[in-house]
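Report on one structure; see the data block that follows.
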Amino acid sequence: MNTDTENYGCEVVCFTGDVGQGIKELEGLEEKAKASGACQLEVKDLKEEFVRDYIFPCLRAGAIYERKYLLGTSMARPVIAKNKFRDYGVIYSSNRLWWMLPKKLEPMSSLMDAQEQEMTRHVRFELRFFALDPKLNVVAPWWEWDIIGREDAIEYAKKHNVPVPVTKKSIYSRDGNLWHLSHEFWFVFFFTFTDPANEPKMDMYMLTVDPEDAPNEPEYLKIGIVSGLPVSINGMELSPASLLSELNQIGRRHGIGLVDMVENRLVGMKSRGVYETPGGTILFTTVQELESLTLDRETMQVKDSLTLKYAELVYAGRWFDPLWESLDAFMKNITKTTTGSVTLKLYKGSVTVTSRTSPFSLYRQDISSFESGEIYEQFAKMA
């Protein structure tokens, strides 16, 4: 049965944005889309755009939400929204029931969004589309139908022959892309993942190994940075997506980037989440260490204070907000001289900096040596 036609009388086109969630996540989508009542599936490769235009600006800004979260999911929403809002269709995710956006009709312009129980993702998409087209009306089947929780969603999918990769005994929420993989809601038998008092089981991780199982020998790598953005690994220049993919593989081997946190969600509740961000963790350490050479004290302090708001805006789905655009312009300007290279040592879950160099370094060894002399005495009087 065509569930969308049944409820809204419209033709549906499924859209999947490939942001690096992996081949397995994209397998079987056409069959799934048609089983859901769609007339066709459109898949668009967004990996390079995602890394270049969304991940790297956040990296340059040093955007971290609530001290730990590197905004992996939050950055993927705007690139999907931007690429589909003009010709509308269904935004379809392989690990969700569906996200629906009907084609533009005259004279009606509407947006349908069937979401999971947690409303954060709905809000993020809705804000992106409103920023791109304020005249859109939002229709949310999840809120209108008799679907209260995930078990109801599973029953609905089963009733309408919609294949979903979850069961009532194993309900989870994983969201992956080229930057990270999140584990946000998981019940497996008697283990309640959502309880912050419980330690995460290592067998849940998919992008990284257990740091205890990582190699006993450290690995060194050198990352090149130009104007706050990574461009090379060990002297080899790579495209944004290729560079991140390579660092993900390197970080995976050494158990880099595991984060377990309780965060304040956009919709007002606290939620426990576990994130895997191997390549991203390496890159954040790299850029921050290079900035220690290239940014003066006051600039660094102002940047750090504005970074909090920058991260909050991205987390809240306000990517196309004028305030975000202004903050991003500031970040781009002050990191123009953040150019150079950083050498890192990876070992059993840790990232240690062993070397940092920049042609724009503000570090002066003749001053910092604290030896007696005319230069040191002059600066000592000014301190």
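Numbering starts fresh at 1 for the residues of each chain in the structure tokens, the chains themselves are lettered A, B, ... in the order given, and ligands are numbered from 1 as they appear.
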Next item on the list: Within range 173-373 of chain A, find each residue whose DSSP state, derived from the backbone, is alpha helix (DSSP H), and express the selection as a PyMOL selection string.
Entry: chain A and resi 240-253+278-294+297-315+322-334+365-368
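The environment of Glu289 in chain A within 8 Å, counting only C-alpha atoms and disregarding residues fewer than 2 places along the same chain, consists of Thr285, Thr286, Val287, Glu291, Ser292, Leu293, Val342, Val353 and Arg356 of chain A.
Closest approach to Gly268 in chain A among A:Leu70, A:Ala316, A:Leu181, A:Leu26 is made by A:Ala316 (distances from only C-alpha atoms).
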Checklist line | Within 6 Å of Ala38 in chain A using only C-alpha atoms, minus same-chain residues under 3 positions, as a list of chain:residue names | finding: A:Val12, A:Val13, A:Ala33, A:Lys34
Notebook entry, point to check: Distance CA of Leu323 in chain A-CA of Leu244 in chain A, one decimal place?
Noted result: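 These two atoms are separated by 27.8 Å.
Our summary of the geometry notes that CA of Asn198 in chain A is positioned 25.9 Å from CA of Asn177 in chain A.
In this comparison, which uses only C-alpha atoms, the residue of A:Gly349, A:Gly62, A:Gly340, A:Gly37 approaching Ser227 in chain A most closely is A:Gly340.
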Next item on the list: With a distance cut-off of 12 Å and only C-alpha atoms, select the neighbouring residues of Leu327 in chain A, excluding the residue or stretch itself and same-chain residues fewer than 5 positions from it, and output the selection as a list in words.
Entry: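 Selected residues are Pro57, Cys58, Arg60, Ala61, Gly62, Ala63, Val302, Lys303, Asp304, Ser305, Leu306, Thr307, Leu308, Lys309, Tyr310, Ala311, Glu312, Leu313, Val314, Trp319, Phe320, Asp321, Pro322, Lys332, Asn333 and Ile334 of chain A.
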Saved selection, atoms kept: C-alpha atoms, as an mmCIF file, in the first residue's frame:
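Okay, this is what ended up in part_20.cif:
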data_model
loop_
_atom_site.group_PDB
_atom_site.id
_atom_site.type_symbol
_atom_site.label_atom_id
_atom_site.label_comp_id
_atom_site.auth_asym_id
_atom_site.auth_seq_id
_atom_site.Cartn_x
_atom_site.Cartn_y
_atom_site.Cartn_z
ATOM 1 C CA PRO A 57 34.479 25.514 8.572
ATOM 2 C CA CYS A 58 33.512 24.005 11.937
ATOM 3 C CA ARG A 60 38.507 26.052 11.524
ATOM 4 C CA ALA A 61 36.211 27.621 14.116
ATOM 5 C CA GLY A 62 37.087 24.984 16.720
ATOM 6 C CA ALA A 63 33.381 24.280 17.214
ATOM 7 C CA VAL A 302 37.978 36.141 21.623
ATOM 8 C CA LYS A 303 37.957 33.170 19.255
ATOM 9 C CA ASP A 304 37.398 30.754 22.135
ATOM 10 C CA SER A 305 34.491 32.815 23.464
ATOM 11 C CA LEU A 306 32.791 33.074 20.059
ATOM 12 C CA THR A 307 33.377 29.403 19.327
ATOM 13 C CA LEU A 308 30.823 28.506 22.000
ATOM 14 C CA LYS A 309 28.074 30.430 20.192
ATOM 15 C CA TYR A 310 29.247 29.110 16.816
ATOM 16 C CA ALA A 311 28.894 25.520 18.032
ATOM 17 C CA GLU A 312 25.543 26.240 19.636
ATOM 18 C CA LEU A 313 24.154 27.657 16.381
ATOM 19 C CA VAL A 314 25.315 24.629 14.380
ATOM 20 C CA TRP A 319 23.554 27.023 9.817
ATOM 21 C CA PHE A 320 22.106 29.566 7.384
ATOM 22 C CA ASP A 321 21.446 32.102 10.135
ATOM 23 C CA PRO A 322 23.003 35.583 9.554
ATOM 24 C CA LYS A 332 37.936 32.658 8.404
ATOM 25 C CA ASN A 333 39.631 36.031 8.745
ATOM 26 C CA ILE A 334 41.561 35.416 11.955
#
Check: In terms of the shortest atom-to-atom distance over only C-alpha atoms, which of A:Thr357, A:Ile154, A:Ile23, A:Trp179 is closest to Pro240 in chain A?
Finding: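 Using only C-alpha atoms, Pro240 in chain A sits closest to A:Trp179.
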